[in-house]
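Source file: input-v1.cif. Holds: mmCIF, C-alpha atoms.
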```cif
data_work
loop_
_atom_site.label_atom_id
_atom_site.label_comp_id
_atom_site.auth_asym_id
_atom_site.auth_seq_id
_atom_site.Cartn_x
_atom_site.Cartn_y
_atom_site.Cartn_z
CA MET A 1135 -313.96 -159.55 -115.05
CA GLN A 1136 -311.64 -161.12 -117.59
CA THR A 1137 -308.65 -158.95 -118.38
CA PRO A 1138 -305.36 -160.04 -119.94
CA ALA A 1139 -302.22 -160.23 -117.81
CA PRO A 1140 -300.02 -157.11 -118.06
CA PHE A 1141 -297.97 -156.60 -121.20
CA GLU A 1142 -296.17 -153.86 -123.07
CA TYR A 1143 -297.76 -152.54 -126.22
CA GLU A 1144 -296.26 -151.17 -129.40
CA ARG A 1145 -297.75 -150.18 -132.73
CA ALA A 1146 -295.85 -151.27 -135.81
CA SER A 1147 -295.56 -148.75 -138.64
CA SER A 1148 -294.01 -151.13 -141.19
CA VAL A 1149 -293.71 -154.87 -141.81
CA ASP A 1150 -289.94 -154.67 -141.37
CA GLY A 1151 -290.43 -152.75 -138.13
CA ALA A 1152 -292.76 -155.45 -136.83
CA ILE A 1153 -290.21 -158.15 -137.72
CA ALA A 1154 -287.40 -156.20 -136.03
CA SER A 1155 -289.54 -155.84 -132.93
CA LEU A 1156 -290.34 -159.56 -132.89
CA GLN A 1157 -286.63 -160.27 -133.18
CA GLU A 1158 -285.82 -157.88 -130.34
CA HIS A 1159 -288.41 -159.24 -127.89
CA GLY A 1160 -288.08 -162.91 -128.76
CA ALA A 1161 -290.58 -165.55 -127.78
CA GLU A 1162 -292.31 -163.18 -125.34
CA ALA A 1163 -293.70 -161.08 -128.20
CA ARG A 1164 -296.83 -161.67 -130.25
CA LEU A 1165 -298.41 -159.85 -133.16
CA ILE A 1166 -301.98 -158.69 -132.75
CA ALA A 1167 -304.34 -157.89 -135.63
CA GLY A 1168 -308.10 -158.27 -135.10
CA GLY A 1169 -307.41 -159.78 -131.69
CA HIS A 1170 -310.54 -161.93 -131.68
CA SER A 1171 -308.59 -165.13 -131.08
CA LEU A 1172 -305.59 -163.79 -129.17
CA LEU A 1173 -307.39 -161.53 -126.67
CA PRO A 1174 -309.81 -164.26 -125.51
CA MET A 1175 -306.81 -166.57 -125.04
CA MET A 1176 -305.00 -163.84 -123.08
CA LYS A 1177 -308.04 -163.29 -120.86
CA LEU A 1178 -307.99 -167.01 -120.02
CA ARG A 1179 -304.18 -166.94 -119.53
CA LEU A 1180 -303.84 -169.53 -122.30
CA ALA A 1181 -301.54 -166.92 -123.85
CA THR A 1182 -299.44 -164.53 -121.77
CA PRO A 1183 -297.26 -162.52 -124.15
CA ALA A 1184 -295.17 -159.90 -122.39
CA PHE A 1185 -295.08 -157.74 -125.50
CA LEU A 1186 -297.81 -157.05 -128.07
CA ILE A 1187 -297.06 -155.63 -131.49
CA ASP A 1188 -300.18 -154.13 -133.03
CA ILE A 1189 -300.08 -154.48 -136.84
CA ASN A 1190 -303.49 -152.91 -137.55
CA ASP A 1191 -301.88 -149.82 -139.11
CA LEU A 1192 -300.09 -151.84 -141.80
CA ASP A 1193 -302.43 -150.92 -144.67
CA GLU A 1194 -299.93 -152.42 -147.12
CA LEU A 1195 -301.08 -155.86 -145.86
CA SER A 1196 -304.74 -155.23 -146.68
CA TYR A 1197 -305.71 -156.05 -150.28
CA ILE A 1198 -307.28 -158.56 -152.64
CA GLU A 1199 -305.55 -158.48 -156.04
CA GLU A 1200 -305.53 -160.58 -159.17
CA ASP A 1201 -302.96 -161.20 -161.89
CA THR A 1202 -302.89 -163.83 -164.64
CA ALA A 1203 -301.61 -166.64 -162.44
CA GLU A 1204 -303.12 -166.08 -159.00
CA VAL A 1205 -305.22 -164.08 -156.59
CA ARG A 1206 -303.22 -162.54 -153.77
CA ILE A 1207 -304.76 -161.63 -150.41
CA GLY A 1208 -302.94 -159.47 -147.86
CA ALA A 1209 -302.79 -161.05 -144.40
CA LEU A 1210 -304.53 -158.08 -142.73
CA THR A 1211 -307.61 -158.30 -144.97
CA ARG A 1212 -310.65 -158.53 -142.72
CA HIS A 1213 -313.39 -161.18 -142.89
CA ALA A 1214 -315.98 -158.55 -143.85
CA GLU A 1215 -313.84 -157.53 -146.84
CA LEU A 1216 -313.36 -161.15 -147.91
CA LEU A 1217 -317.13 -161.68 -147.69
CA GLU A 1218 -317.89 -158.64 -149.83
CA SER A 1219 -315.22 -159.24 -152.48
CA ASP A 1220 -316.82 -160.03 -155.85
CA LEU A 1221 -313.39 -160.84 -157.26
CA LEU A 1222 -312.95 -163.58 -154.68
CA ALA A 1223 -316.52 -164.85 -154.99
CA GLY A 1224 -316.10 -165.04 -158.78
CA HIS A 1225 -312.96 -167.18 -158.75
CA PHE A 1226 -313.40 -168.98 -155.44
CA PRO A 1227 -317.04 -169.05 -154.26
CA VAL A 1228 -315.87 -171.21 -151.33
CA PHE A 1229 -314.73 -167.97 -149.68
CA ARG A 1230 -318.17 -166.38 -149.60
CA ASP A 1231 -319.72 -169.68 -148.44
CA ALA A 1232 -317.31 -169.75 -145.51
CA GLU A 1233 -317.34 -166.06 -144.68
CA GLN A 1234 -321.12 -166.05 -144.30
CA VAL A 1235 -320.76 -168.50 -141.41
CA ILE A 1236 -317.50 -167.35 -139.79
CA ALA A 1237 -318.20 -165.90 -136.33
CA ASP A 1238 -320.80 -163.13 -136.68
CA PRO A 1239 -320.96 -159.88 -138.70
CA VAL A 1240 -319.58 -157.72 -135.88
CA VAL A 1241 -316.60 -160.00 -135.26
CA ARG A 1242 -316.01 -160.14 -139.03
CA ASN A 1243 -315.37 -156.39 -138.99
CA ARG A 1244 -312.18 -157.05 -137.00
CA GLY A 1245 -310.89 -160.57 -137.61
CA THR A 1246 -308.33 -161.06 -140.40
CA ILE A 1247 -307.38 -163.91 -142.75
CA GLY A 1248 -303.78 -163.88 -141.50
CA GLY A 1249 -304.90 -164.09 -137.90
CA SER A 1250 -307.27 -166.92 -138.70
CA LEU A 1251 -304.59 -169.00 -140.42
CA CYS A 1252 -301.94 -168.30 -137.78
CA GLN A 1253 -304.30 -169.18 -134.94
CA ALA A 1254 -304.33 -172.67 -136.53
CA ASP A 1255 -307.46 -173.75 -134.74
CA ALA A 1256 -308.64 -176.98 -136.36
CA ALA A 1257 -312.21 -175.63 -136.33
CA GLU A 1258 -311.28 -172.46 -138.21
CA ASP A 1259 -313.04 -172.25 -141.57
CA LEU A 1260 -310.48 -170.30 -143.64
CA SER A 1261 -307.80 -172.90 -142.89
CA ALA A 1262 -309.96 -175.49 -144.63
CA VAL A 1263 -310.77 -173.07 -147.45
CA CYS A 1264 -307.11 -172.26 -148.15
CA ALA A 1265 -306.07 -175.91 -147.84
CA ALA A 1266 -308.73 -177.06 -150.32
CA LEU A 1267 -307.68 -174.35 -152.78
CA LYS A 1268 -304.04 -175.45 -152.40
CA ALA A 1269 -302.99 -171.97 -151.42
CA ASN A 1270 -299.43 -170.85 -150.84
CA VAL A 1271 -298.64 -168.45 -148.02
CA VAL A 1272 -295.83 -165.94 -147.91
CA ILE A 1273 -293.86 -165.73 -144.66
CA LYS A 1274 -291.47 -162.86 -144.12
CA GLY A 1275 -288.56 -162.69 -141.71
CA LEU A 1276 -285.25 -160.91 -141.27
CA ASP A 1277 -283.69 -162.98 -144.05
CA GLY A 1278 -286.42 -162.23 -146.56
CA GLU A 1279 -289.48 -164.07 -147.81
CA ARG A 1280 -290.29 -167.72 -148.19
CA THR A 1281 -293.37 -169.42 -149.59
CA VAL A 1282 -294.99 -172.41 -147.92
CA ASN A 1283 -297.89 -174.46 -149.26
CA MET A 1284 -300.78 -175.36 -147.01
CA ASP A 1285 -299.53 -178.96 -146.72
CA GLY A 1286 -296.50 -177.68 -144.85
CA PHE A 1287 -298.18 -174.82 -143.00
CA TYR A 1288 -299.75 -176.65 -140.07
CA ILE A 1289 -297.22 -178.29 -137.81
CA GLY A 1290 -299.68 -179.22 -135.07
CA PRO A 1291 -302.65 -177.89 -133.12
CA PHE A 1292 -302.34 -174.09 -132.85
CA THR A 1293 -298.86 -174.34 -134.40
CA THR A 1294 -297.81 -173.16 -137.86
CA ALA A 1295 -294.66 -172.87 -139.95
CA VAL A 1296 -294.46 -169.16 -139.09
CA GLY A 1297 -291.42 -168.69 -136.85
CA ALA A 1298 -291.29 -166.59 -133.67
CA ASP A 1299 -289.70 -163.66 -135.51
CA GLU A 1300 -291.62 -164.01 -138.76
CA ILE A 1301 -294.86 -162.61 -140.09
CA LEU A 1302 -297.40 -164.08 -142.50
CA THR A 1303 -297.85 -161.42 -145.16
CA GLU A 1304 -299.82 -162.88 -148.05
CA ILE A 1305 -302.03 -165.75 -149.18
CA ARG A 1306 -301.72 -166.77 -152.84
CA LEU A 1307 -304.47 -168.69 -154.58
CA PRO A 1308 -303.46 -170.25 -157.92
CA LEU A 1309 -305.87 -169.57 -160.81
CA ARG A 1310 -306.53 -172.77 -162.74
CA GLN A 1311 -308.97 -173.71 -165.50
CA GLY A 1312 -312.28 -175.43 -164.77
CA ALA A 1313 -312.37 -174.52 -161.10
CA GLY A 1314 -315.32 -174.88 -158.76
CA SER A 1315 -315.36 -174.74 -154.96
CA ALA A 1316 -317.73 -174.82 -151.99
CA HIS A 1317 -317.75 -174.82 -148.18
CA GLU A 1318 -320.21 -176.72 -146.00
CA LYS A 1319 -320.47 -176.25 -142.25
CA VAL A 1320 -322.74 -177.43 -139.49
CA GLU A 1321 -322.82 -175.26 -136.37
CA ARG A 1322 -325.17 -175.03 -133.42
CA ARG A 1323 -325.83 -171.31 -133.73
CA ALA A 1324 -324.39 -168.17 -135.32
CA GLY A 1325 -320.91 -167.44 -134.01
CA ASP A 1326 -320.20 -170.90 -132.62
CA PHE A 1327 -317.33 -173.11 -133.68
CA ALA A 1328 -318.16 -175.70 -136.33
CA ILE A 1329 -319.35 -179.14 -135.25
CA ALA A 1330 -317.81 -180.12 -138.58
CA ALA A 1331 -316.91 -178.27 -141.78
CA VAL A 1332 -315.64 -179.31 -145.21
CA SER A 1333 -314.12 -177.21 -147.99
CA ALA A 1334 -313.88 -178.75 -151.45
CA ALA A 1335 -312.41 -177.61 -154.74
CA VAL A 1336 -312.43 -179.39 -158.10
CA TRP A 1337 -310.67 -178.55 -161.33
CA LEU A 1338 -312.43 -180.08 -164.32
CA GLN A 1339 -310.86 -180.82 -167.69
CA GLY A 1340 -312.81 -182.33 -170.56
CA GLY A 1341 -315.48 -183.88 -168.37
CA THR A 1342 -313.17 -185.40 -165.78
CA ILE A 1343 -311.78 -184.18 -162.48
CA ALA A 1344 -308.18 -183.19 -163.22
CA ASP A 1345 -307.51 -182.31 -159.60
CA ALA A 1346 -309.40 -181.92 -156.34
CA GLY A 1347 -308.82 -180.43 -152.90
CA ILE A 1348 -310.75 -181.54 -149.82
CA ALA A 1349 -310.05 -180.16 -146.35
CA LEU A 1350 -311.85 -181.11 -143.15
CA GLY A 1351 -312.39 -178.62 -140.30
CA ALA A 1352 -313.10 -179.44 -136.64
CA LEU A 1353 -312.59 -183.12 -137.45
CA GLY A 1354 -309.13 -183.67 -135.95
CA PRO A 1355 -306.27 -181.98 -134.11
CA THR A 1356 -305.50 -179.79 -137.14
CA THR A 1357 -307.16 -179.02 -140.46
CA ILE A 1358 -307.06 -182.36 -142.28
CA MET A 1359 -306.38 -182.79 -145.99
CA ALA A 1360 -308.44 -185.72 -147.24
CA THR A 1361 -305.68 -186.78 -149.64
CA ARG A 1362 -306.96 -190.32 -150.21
CA ALA A 1363 -310.34 -188.92 -151.23
CA GLU A 1364 -308.61 -186.43 -153.54
CA GLU A 1365 -306.69 -189.27 -155.20
CA LEU A 1366 -309.90 -191.22 -155.74
CA LEU A 1367 -311.41 -188.28 -157.62
CA ARG A 1368 -308.49 -187.55 -159.94
CA GLY A 1369 -309.05 -188.64 -163.53
CA LYS A 1370 -312.67 -189.68 -162.95
CA ALA A 1371 -315.90 -188.20 -164.26
CA PRO A 1372 -317.87 -186.50 -161.47
CA SER A 1373 -320.91 -188.46 -160.26
CA GLU A 1374 -323.07 -188.78 -157.17
CA GLU A 1375 -321.60 -192.21 -156.54
CA LEU A 1376 -318.08 -190.85 -156.67
CA PHE A 1377 -318.92 -188.02 -154.25
CA ALA A 1378 -320.43 -190.55 -151.84
CA GLN A 1379 -317.27 -192.70 -152.05
CA ALA A 1380 -315.11 -189.65 -151.34
CA GLY A 1381 -317.36 -188.91 -148.36
CA GLU A 1382 -316.86 -192.44 -147.04
CA ILE A 1383 -313.08 -192.00 -147.25
CA ALA A 1384 -313.26 -188.65 -145.45
CA LYS A 1385 -315.32 -190.36 -142.75
CA GLU A 1386 -312.57 -192.95 -142.29
CA ASP A 1387 -309.65 -190.55 -142.49
CA CYS A 1388 -310.83 -187.91 -140.03
CA SER A 1389 -310.13 -188.16 -136.30
CA PRO A 1390 -312.69 -186.11 -134.37
CA LEU A 1391 -312.89 -185.99 -130.59
CA PRO A 1392 -316.16 -186.20 -128.68
CA ASP A 1393 -317.18 -182.93 -126.99
CA GLY A 1394 -320.21 -180.82 -126.20
CA ARG A 1395 -320.81 -180.37 -129.90
CA GLY A 1396 -321.32 -184.05 -130.56
CA PRO A 1397 -320.04 -187.63 -130.31
CA VAL A 1398 -317.48 -189.15 -132.68
CA ASP A 1399 -319.90 -191.17 -134.80
CA TYR A 1400 -322.03 -188.07 -135.44
CA LYS A 1401 -318.99 -186.05 -136.48
CA ARG A 1402 -317.79 -188.82 -138.78
CA HIS A 1403 -321.26 -188.95 -140.29
CA LEU A 1404 -321.04 -185.20 -140.92
CA ALA A 1405 -317.60 -185.63 -142.53
CA SER A 1406 -319.12 -188.01 -145.05
CA VAL A 1407 -322.27 -186.00 -145.79
CA LEU A 1408 -320.55 -182.59 -145.91
CA THR A 1409 -317.78 -183.89 -148.18
CA ALA A 1410 -320.31 -185.19 -150.70
CA ARG A 1411 -322.33 -181.95 -150.49
CA ALA A 1412 -319.29 -179.72 -150.93
CA LEU A 1413 -318.08 -181.76 -153.91
CA ARG A 1414 -321.55 -181.66 -155.49
CA ARG A 1415 -321.76 -177.86 -155.21
CA ALA A 1416 -318.12 -177.33 -156.25
CA THR A 1417 -318.70 -179.43 -159.37
CA ALA A 1418 -321.97 -177.69 -160.23
CA ARG A 1419 -320.14 -174.38 -160.00
CA ALA A 1420 -317.27 -175.61 -162.16
CA LEU A 1421 -319.87 -176.62 -164.76
CA HIS A 1422 -321.66 -173.26 -164.30
CA GLN A 1423 -324.81 -175.10 -163.33
CA GLU A 1424 -325.13 -173.07 -160.17
CA ALA A 1425 -324.83 -169.34 -159.77
CA ASN A 1426 -322.00 -168.26 -157.52
CA MET B 1413 -299.50 -145.41 -121.44
CA GLU B 1414 -301.18 -142.23 -122.62
CA VAL B 1415 -303.99 -142.83 -125.10
CA THR B 1416 -306.06 -140.27 -127.01
CA ILE B 1417 -309.25 -141.60 -128.53
CA THR B 1418 -312.08 -139.73 -130.20
CA ILE B 1419 -315.28 -140.75 -128.45
CA ASN B 1420 -318.54 -139.29 -129.72
CA GLY B 1421 -316.65 -136.53 -131.49
CA GLU B 1422 -314.61 -135.50 -128.47
CA GLN B 1423 -310.91 -136.21 -128.00
CA VAL B 1424 -310.36 -138.02 -124.71
CA SER B 1425 -306.84 -138.47 -123.28
CA ARG B 1426 -306.16 -140.80 -120.37
CA ASP B 1427 -303.27 -142.69 -118.86
CA VAL B 1428 -304.17 -146.40 -118.97
CA GLU B 1429 -302.61 -149.83 -118.77
CA PRO B 1430 -302.04 -151.33 -122.24
CA ARG B 1431 -304.23 -154.25 -121.19
CA GLN B 1432 -307.30 -152.12 -120.59
CA LEU B 1433 -310.18 -153.24 -122.79
CA LEU B 1434 -312.12 -150.62 -124.72
CA VAL B 1435 -315.36 -151.44 -122.88
CA HIS B 1436 -313.75 -150.66 -119.51
CA PHE B 1437 -312.08 -147.55 -120.89
CA ILE B 1438 -315.46 -146.25 -122.05
CA ARG B 1439 -317.37 -147.20 -118.90
CA GLU B 1440 -314.90 -146.71 -116.08
CA THR B 1441 -312.14 -144.39 -117.27
CA VAL B 1442 -314.36 -142.05 -119.28
CA GLY B 1443 -317.57 -142.73 -117.34
CA LEU B 1444 -319.94 -143.38 -120.25
CA THR B 1445 -321.95 -146.26 -118.81
CA GLY B 1446 -324.43 -146.58 -121.68
CA THR B 1447 -322.24 -149.23 -123.28
CA HIS B 1448 -322.89 -152.49 -121.44
CA TRP B 1449 -320.39 -155.11 -120.46
CA GLY B 1450 -321.86 -158.59 -120.72
CA CYS B 1451 -320.20 -161.88 -121.51
CA ASP B 1452 -316.53 -160.86 -121.78
CA THR B 1453 -316.10 -163.44 -124.55
CA SER B 1454 -317.33 -161.56 -127.66
CA ASN B 1455 -320.48 -163.67 -127.80
CA CYS B 1456 -323.27 -161.47 -126.43
CA GLY B 1457 -322.84 -158.15 -128.22
CA ALA B 1458 -323.99 -155.92 -125.33
CA CYS B 1459 -320.69 -154.02 -125.66
CA VAL B 1460 -320.99 -153.16 -129.37
CA VAL B 1461 -319.81 -149.66 -130.27
CA LEU B 1462 -318.90 -148.18 -133.64
CA MET B 1463 -315.26 -147.84 -134.66
CA ASP B 1464 -314.93 -145.62 -137.74
CA GLY B 1465 -318.60 -146.35 -138.45
CA LEU B 1466 -318.41 -150.15 -138.15
CA PRO B 1467 -319.81 -152.12 -135.21
CA ILE B 1468 -317.16 -153.86 -133.10
CA LYS B 1469 -317.18 -155.72 -129.79
CA SER B 1470 -315.49 -153.43 -127.29
CA CYS B 1471 -314.79 -156.30 -124.85
CA THR B 1472 -312.41 -157.80 -127.40
CA THR B 1473 -310.57 -154.62 -128.39
CA LEU B 1474 -307.83 -152.91 -126.41
CA ALA B 1475 -308.28 -149.21 -125.72
CA ALA B 1476 -304.73 -148.80 -127.03
CA MET B 1477 -305.81 -150.21 -130.40
CA CYS B 1478 -308.34 -147.37 -130.78
CA VAL B 1479 -305.84 -144.50 -130.73
CA GLY B 1480 -306.39 -142.54 -133.93
CA HIS B 1481 -309.86 -143.99 -134.46
CA GLU B 1482 -313.35 -142.61 -133.93
CA ILE B 1483 -315.50 -144.45 -131.44
CA ARG B 1484 -319.26 -143.89 -131.22
CA THR B 1485 -321.27 -145.09 -128.27
CA VAL B 1486 -325.00 -145.21 -127.59
CA GLU B 1487 -324.78 -141.80 -125.89
CA SER B 1488 -324.14 -140.20 -129.29
CA LEU B 1489 -327.46 -141.28 -130.81
CA GLU B 1490 -329.64 -138.64 -129.16
CA ARG B 1491 -328.86 -135.14 -130.46
CA SER B 1492 -330.14 -131.94 -128.84
CA GLY B 1493 -333.05 -133.71 -127.24
CA ASN B 1494 -334.04 -135.63 -130.37
CA LEU B 1495 -333.84 -139.39 -130.30
CA ASP B 1496 -332.26 -141.22 -133.22
CA PRO B 1497 -334.78 -143.06 -135.44
CA VAL B 1498 -333.48 -146.41 -134.17
CA GLN B 1499 -334.17 -145.31 -130.60
CA LEU B 1500 -337.68 -144.18 -131.62
CA GLY B 1501 -338.17 -147.54 -133.36
CA PHE B 1502 -337.26 -149.50 -130.22
CA HIS B 1503 -339.72 -147.27 -128.31
CA GLU B 1504 -342.53 -147.61 -130.84
CA LYS B 1505 -342.17 -151.35 -131.40
CA HIS B 1506 -341.26 -152.35 -127.84
CA GLY B 1507 -337.82 -153.52 -128.95
CA LEU B 1508 -336.61 -154.07 -125.41
CA HIS B 1509 -337.69 -155.37 -122.06
CA CYS B 1510 -334.82 -155.46 -119.55
CA GLY B 1511 -332.67 -153.23 -121.78
CA PHE B 1512 -329.34 -154.91 -121.22
CA CYS B 1513 -328.69 -155.80 -124.87
CA THR B 1514 -330.23 -152.55 -126.14
CA PRO B 1515 -327.13 -150.30 -126.43
CA GLY B 1516 -325.38 -152.89 -128.60
CA MET B 1517 -328.51 -153.57 -130.64
CA LEU B 1518 -329.00 -149.83 -131.23
CA MET B 1519 -325.44 -149.31 -132.44
CA THR B 1520 -325.56 -152.31 -134.80
CA ALA B 1521 -328.92 -151.07 -136.09
CA ARG B 1522 -327.50 -147.59 -136.65
CA ALA B 1523 -324.53 -148.97 -138.62
CA LEU B 1524 -326.81 -151.27 -140.64
CA LEU B 1525 -329.08 -148.40 -141.69
CA ASP B 1526 -326.09 -146.19 -142.48
CA HIS B 1527 -324.85 -148.79 -144.98
CA THR B 1528 -328.16 -150.42 -145.99
CA PRO B 1529 -330.99 -147.88 -145.63
CA ASN B 1530 -333.72 -150.35 -146.64
CA PRO B 1531 -332.74 -153.74 -145.18
CA THR B 1532 -334.83 -156.88 -145.59
CA GLU B 1533 -335.90 -158.83 -142.52
CA GLN B 1534 -333.16 -161.37 -143.30
CA GLU B 1535 -330.52 -158.65 -143.54
CA ILE B 1536 -331.61 -157.29 -140.16
CA ARG B 1537 -331.53 -160.75 -138.58
CA THR B 1538 -328.06 -161.39 -140.01
CA ALA B 1539 -326.79 -158.00 -138.79
CA ILE B 1540 -327.82 -158.73 -135.18
CA SER B 1541 -326.88 -162.42 -135.26
CA GLY B 1542 -323.83 -161.81 -133.08
CA GLN B 1543 -325.93 -160.28 -130.31
CA ILE B 1544 -328.05 -161.98 -127.71
CA CYS B 1545 -331.39 -160.78 -126.33
CA ARG B 1546 -333.00 -162.92 -123.65
CA CYS B 1547 -336.25 -160.97 -123.43
CA THR B 1548 -337.82 -160.16 -126.76
CA GLY B 1549 -337.32 -163.25 -128.89
CA TYR B 1550 -335.86 -160.78 -131.42
CA GLN B 1551 -339.13 -160.23 -133.30
CA ASN B 1552 -339.72 -156.81 -131.76
CA ILE B 1553 -336.10 -155.80 -132.35
CA VAL B 1554 -336.44 -156.69 -136.03
CA SER B 1555 -339.72 -154.72 -136.19
CA ALA B 1556 -338.07 -151.77 -134.45
CA ILE B 1557 -335.22 -151.64 -136.98
CA ARG B 1558 -337.69 -151.94 -139.87
CA TRP B 1559 -339.70 -149.09 -138.31
CA ALA B 1560 -336.56 -146.97 -138.13
CA ALA B 1561 -335.71 -147.70 -141.78
CA GLU B 1562 -339.20 -146.68 -142.90
CA HIS B 1563 -339.20 -143.62 -140.64
CA GLU B 1564 -335.87 -142.48 -142.08
CA ALA B 1565 -337.08 -143.05 -145.65
CA ALA B 1566 -340.18 -140.95 -144.95
CA THR B 1567 -338.07 -138.19 -143.39
CA ARG B 1568 -335.75 -138.17 -146.40
CA GLN B 1569 -338.72 -137.79 -148.76
CA GLU B 1570 -340.05 -134.83 -146.79
CA ALA B 1571 -336.66 -133.13 -146.86
#
```

Take the structure in the file and write it out as structure tokens.
Amino acid sequence: MQTPAPFEYERASSVDGAIASLQEHGAEARLIAGGHSLLPMMKLRLATPAFLIDINDLDELSYIEEDTAEVRIGALTRHAELLESDLLAGHFPVFRDAEQVIADPVVRNRGTIGGSLCQADAAEDLSAVCAALKANVVIKGLDGERTVNMDGFYIGPFTTAVGADEILTEIRLPLRQGAGSAHEKVERRAGDFAIAAVSAAVWLQGGTIADAGIALGALGPTTIMATRAEELLRGKAPSEELFAQAGEIAKEDCSPLPDGRGPVDYKRHLASVLTARALRRATARALHQEAN
Amino acid sequence: MEVTITINGEQVSRDVEPRQLLVHFIRETVGLTGTHWGCDTSNCGACVVLMDGLPIKSCTTLAAMCVGHEIRTVESLERSGNLDPVQLGFHEKHGLHCGFCTPGMLMTARALLDHTPNPTEQEIRTAISGQICRCTGYQNIVSAIRWAAEHEAATRQEA
């Protein structure tokens, strides 16, 4: 039987209360939301927090809202809600692509976007999605809020910019003209980690790619931004040849490790193919040539 | 810690360790052994129960996290001697062999039909994609859930 090591448990009734509790219990405390990453790690003693702060009652962190400049997602919003959101699918179809292949439907009833990002597993799909969309995340602590972009969010494997006494509260997705986005993933079976995954976003302006975002999942120690490939795309007209070139750059710039899911050359091959595919679909969507 | 959880409509209070998982609370502390405990890693789905009407994996949920929520287990499906349509479907279509995955499959099927009364084969296969059956090859489970959907539709028309 796998059971976590003993810990004390507390239920937070407000964001400020959760932060105060984190402050009080220091590095021994962890927040728990869906628990589908943390509890398995606790069963394996990869995580042994002495104090768990349950934030599942914080309804104020569960929402998907839109204003003129951005879409804002509360950190406690569950995968199932992200999958079902027509607002999200309309602006950022990459979300529905990814949510259909994240874990399985039962797990998606519990897991949250905030938990996924804070777990910072390189194979986690939403990390790639948010990185490609150039999201900003809001981190709250005792001294107030700060906003961090996805470039600065991942410090290393399983490590983020969120401090020990801070909480990720919101994900902000900028609304920009001419947007299209897509997620491509290869996995062995439903619920498994990706062998490789790529999220891509393009922003078209007058027939050329004004900006692009490409993020690679399960292809290195953290989610990787394919910045050289993004630079190649900027200012150019979209074409199959261009997508293939971007794929070749992604193949060079990723750093996968061999494991039971495949050898390095196979994963690099996937980086190339999935990058081109994601760019193709993202562009078709930006041009309204494919239904969301 | 003292927890009070509504299980199958009844309030159950017990003194448990915060680390107790919901599946062990249901099986060992409360004694409802219909819910099965399989892989321990949220992969197999034998432990699926409903929390506020949605299927969840009870091996990856703390009992403490369920305070204030309604849990439904497989024992709640049969009412006054009448089997639930999903149970009848598994009987009619031979949706089980060894039966180990069945409690989880039944609860996911129940939640699916509650939200999607007339699911397509693909919707059924997606709904049970987080659950493993090593006997049936899934075909009979899919048929059983379809049977239950049709049976419920027919019953609604009669009513």

Checklist entry - For chain A, which residues have at least one atom within 12 Å of chain B, if we go by all atoms listed in the file? Write them as number ranges by chain, please. => result A: 1135-1146, 1166-1178, 1182-1191, 1214, 1234-1245, 1323-1327

Item to check | Residue IDs satisfying the PyMOL selection byres ((chain B and resi 1564) around 10), as a ChimeraX atom specification | outcome: /B:1496-1498,1525,1529-1530,1558-1563,1565-1570

Item to check | Distance of CA of Ile1553 (chain B) from CA of Ala1521 (chain B), expressed in Å to one decimal place | outcome: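 About the pair CA of Ala1521 (chain B) and CA of Ile1553 (chain B): they are 9.4 Å apart.
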
Identify the residues around (-336.8, -144.5, -130.8) within a radius of 10 Å, measuring from only C-alpha atoms in the coordinates stated by the file, and give them as a PDB file with C-alpha atoms, in the frame of the given file.
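What follows is the written file result.pdb:
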```pdb
ATOM      1  CA  LEU B1489    -327.460-141.280-130.810  1.00  0.00           C
ATOM      2  CA  GLU B1490    -329.640-138.640-129.160  1.00  0.00           C
ATOM      3  CA  ASN B1494    -334.040-135.630-130.370  1.00  0.00           C
ATOM      4  CA  LEU B1495    -333.840-139.390-130.300  1.00  0.00           C
ATOM      5  CA  ASP B1496    -332.260-141.220-133.220  1.00  0.00           C
ATOM      6  CA  PRO B1497    -334.780-143.060-135.440  1.00  0.00           C
ATOM      7  CA  VAL B1498    -333.480-146.410-134.170  1.00  0.00           C
ATOM      8  CA  GLN B1499    -334.170-145.310-130.600  1.00  0.00           C
ATOM      9  CA  LEU B1500    -337.680-144.180-131.620  1.00  0.00           C
ATOM     10  CA  GLY B1501    -338.170-147.540-133.360  1.00  0.00           C
ATOM     11  CA  PHE B1502    -337.260-149.500-130.220  1.00  0.00           C
ATOM     12  CA  HIS B1503    -339.720-147.270-128.310  1.00  0.00           C
ATOM     13  CA  GLU B1504    -342.530-147.610-130.840  1.00  0.00           C
ATOM     14  CA  LYS B1505    -342.170-151.350-131.400  1.00  0.00           C
ATOM     15  CA  HIS B1506    -341.260-152.350-127.840  1.00  0.00           C
ATOM     16  CA  GLY B1507    -337.820-153.520-128.950  1.00  0.00           C
ATOM     17  CA  LEU B1518    -329.000-149.830-131.230  1.00  0.00           C
ATOM     18  CA  ALA B1556    -338.070-151.770-134.450  1.00  0.00           C
ATOM     19  CA  ILE B1557    -335.220-151.640-136.980  1.00  0.00           C
ATOM     20  CA  TRP B1559    -339.700-149.090-138.310  1.00  0.00           C
ATOM     21  CA  ALA B1560    -336.560-146.970-138.130  1.00  0.00           C
TER      22      ALA B1560
END
```

Checklist entry - Can you list, as an MDAnalysis selection string, the residues that the PyMOL selection byres ((chain B and resi 1421) around 10) selects here? => result chainID B and resid 1417:1420 1422:1424 1482:1484 1488

Checklist entry - Can you list, as a list in words, every protein, DNA or RNA residue that comes within 9 Å of Glu1487 (chain B) when you count all atoms listed in the file, leaving out same-chain residues fewer than 6 positions away? => result Asn1420, Leu1444, Thr1445, Gly1446, Thr1447 and Pro1515 of chain B
